[in-house]
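Read the structure below first, then the notes.
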Amino acid sequence: MKNIKRVIAVGVLGICLSSAGCMIGPNDGDRVRNRDSYIAFSGVTLVGNERVDIQAKEVATGHWKTIASFHTVDAGANWDGRTWYWGFRSAKVPRECWKLHILGSVDRVYFSAEVRMVTESGYAMIGFERGFERWFYDNLESSPRASSAHRGTPDEFSEQMAGKSSVTIYTDVMAPGS
């Protein structure tokens with residue numbers, strides 16, 4: 001089982017290699033409390049001190065808007081013979097980037113926002129399905145956050161390896177006006 005997890009983790013890293021990097025979080029389908037919540041963005045690239053822009057898609061225009069930026073670390077971590085450079089930043093998604101959804105009659109609503117991270121060379125980093133961030137850290141054996149608390153199987157996470165260039169996050173369901 002340990003070898004299977006390693007093969008999957010290396011496969012995920014391979015997807016990142018063939019792209020500009022990986023958006024470790026947020027994941028597609030992640031939820032936040034409301035539109036004023038700060039969202040933790042994290043990712044890895046193969047370039048140290050690389051600027052990464054966090055972007056959200058404006059609902060009215062469909063254009064991507066840079067909402068924050070960060071630089072990856074100077075000293076990376078060696079995993080599977082490659083050096084990976086991490087970056088982290090919390091940011092709020094602007095109101096104009098949240099799309100309203102109404103459930104049934106107008107007594108329950110929620111919002112969604114499409115977000116991505118783009119490297120300074122203009123390439124969108126690959127994002128993954130909900131739950132990927134925890135699985136990634138728990139199953140990459142050399143990860144500093146690895147634990148035995150969560151053990152995913154290859155079947156559970158195989159669809160997550162088909163990453164995409166943006167992810168959609170959601171607010172909790174709420175009463176209108178809250």
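Here, A, B, ... name the chains of the structure tokens in the order displayed, residue numbers run from 1 inside each chain, and ligands are numbered from 1 in the same displayed order.
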Report task. Could you give me the residues within range 11-134 of chain A that DSSP places in helix (DSSP H, G or I), as a ChimeraX atom specification? Result -> /A:11-17,95-97,132-134
Output of the above residues as a PDB file, in the first residue's frame, restricted to C-alpha atoms:
```pdb
ATOM      1  CA  GLY A  11       2.097  11.037 -10.361  1.00  0.00           C
ATOM      2  CA  VAL A  12       0.536  14.161  -8.874  1.00  0.00           C
ATOM      3  CA  LEU A  13       3.950  15.794  -8.739  1.00  0.00           C
ATOM      4  CA  GLY A  14       4.408  14.759 -12.384  1.00  0.00           C
ATOM      5  CA  ILE A  15       1.226  16.645 -13.297  1.00  0.00           C
ATOM      6  CA  CYS A  16       2.684  19.666 -11.517  1.00  0.00           C
ATOM      7  CA  LEU A  17       5.938  19.272 -13.430  1.00  0.00           C
ATOM      8  CA  ARG A  95     -17.688  40.888  -3.907  1.00  0.00           C
ATOM      9  CA  GLU A  96     -17.827  41.394  -7.687  1.00  0.00           C
ATOM     10  CA  CYS A  97     -16.306  37.919  -8.108  1.00  0.00           C
ATOM     11  CA  PHE A 132      -6.743  16.999  -2.191  1.00  0.00           C
ATOM     12  CA  GLU A 133      -4.732  19.280   0.111  1.00  0.00           C
ATOM     13  CA  ARG A 134      -5.144  17.015   3.136  1.00  0.00           C
TER      14      ARG A 134
END
```
Requested in this report: Name the residues in contact with Trp64 in chain A at a cut-off of 10 Å, using only C-alpha atoms, excluding same-chain residues fewer than 4 positions from it; report them as a ChimeraX atom specification.
Outcome: /A:54-59,97,114-116
Produce a file of the selected residues containing N, CA and C atoms, as a CSV table (one decimal), in the first residue's frame.
```csv
chain,number,residue,atom,x,y,z
A,54,ILE,N,-2.7,35.6,-7.3
A,54,ILE,CA,-4.0,34.9,-7.0
A,54,ILE,C,-5.0,35.7,-7.7
A,55,GLN,N,-5.8,35.0,-8.5
A,55,GLN,CA,-6.8,35.7,-9.3
A,55,GLN,C,-8.2,35.1,-9.1
A,56,ALA,N,-9.2,36.0,-9.2
A,56,ALA,CA,-10.6,35.6,-9.2
A,56,ALA,C,-11.3,36.1,-10.4
A,57,LYS,N,-12.3,35.4,-10.9
A,57,LYS,CA,-13.0,35.8,-12.1
A,57,LYS,C,-14.2,36.7,-11.8
A,58,GLU,N,-14.2,37.9,-12.4
A,58,GLU,CA,-15.3,38.8,-12.2
A,58,GLU,C,-16.6,38.2,-12.8
A,59,VAL,N,-17.7,38.2,-12.1
A,59,VAL,CA,-18.9,37.6,-12.6
A,59,VAL,C,-19.5,38.4,-13.8
A,97,CYS,N,-16.7,39.2,-7.6
A,97,CYS,CA,-16.3,37.9,-8.1
A,97,CYS,C,-17.1,36.8,-7.6
A,114,GLU,N,-14.9,31.6,-8.8
A,114,GLU,CA,-13.8,30.8,-9.5
A,114,GLU,C,-12.5,31.5,-9.2
A,115,VAL,N,-11.5,30.8,-8.8
A,115,VAL,CA,-10.2,31.3,-8.4
A,115,VAL,C,-9.1,30.5,-9.1
A,116,ARG,N,-7.9,31.1,-9.3
A,116,ARG,CA,-6.8,30.4,-9.8
A,116,ARG,C,-5.5,31.1,-9.3
```
Report task. Any chance you could list, as a count of residues only, the residues in range 18-52 of chain A that come up strand (DSSP E or B) when DSSP is run on the backbone? Result -> 17
Query raised in the report: Between A:Val109, A:Val118, A:Ile102, A:Val32, which has the minimum distance to Ala68 in chain A (counting only C-alpha atoms)?
Result: A:Val118
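The smallest atom-to-atom distance between Trp84 in chain A and any of A:Ser112, A:Thr119, A:Thr45, A:Ser166, using only C-alpha atoms, is found for A:Thr45.
Here CA of Thr171 in chain A stands at a distance of 5.4 Å from CA of Arg31 in chain A.
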Requested in this report: Could you please determine the separation between CA of Glu129 in chain A and CA of Arg89 in chain A in Å, to one decimal place?
Outcome: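 Atom-to-atom, CA of Glu129 in chain A and CA of Arg89 in chain A are spaced 19.6 Å apart.
Of the residues listed (A:Ile24, A:Val73, A:Leu100, A:Val44), A:Leu100 shows the shortest atom-to-atom separation from Met174 in chain A; distances use only C-alpha atoms.
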Report task. Give me the residues within 7 Å of Asn49 in chain A as a list in words, counting only C-alpha atoms and dropping any in the same chain fewer than 6 places off. Result -> His71, Thr72, Val73 and Asp74 of chain A
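Shortest separation to Asp107 in chain A among A:Val173, A:Ser37, A:Thr66, A:Gly25 occurs at residue A:Val173, atoms counted being only C-alpha atoms.
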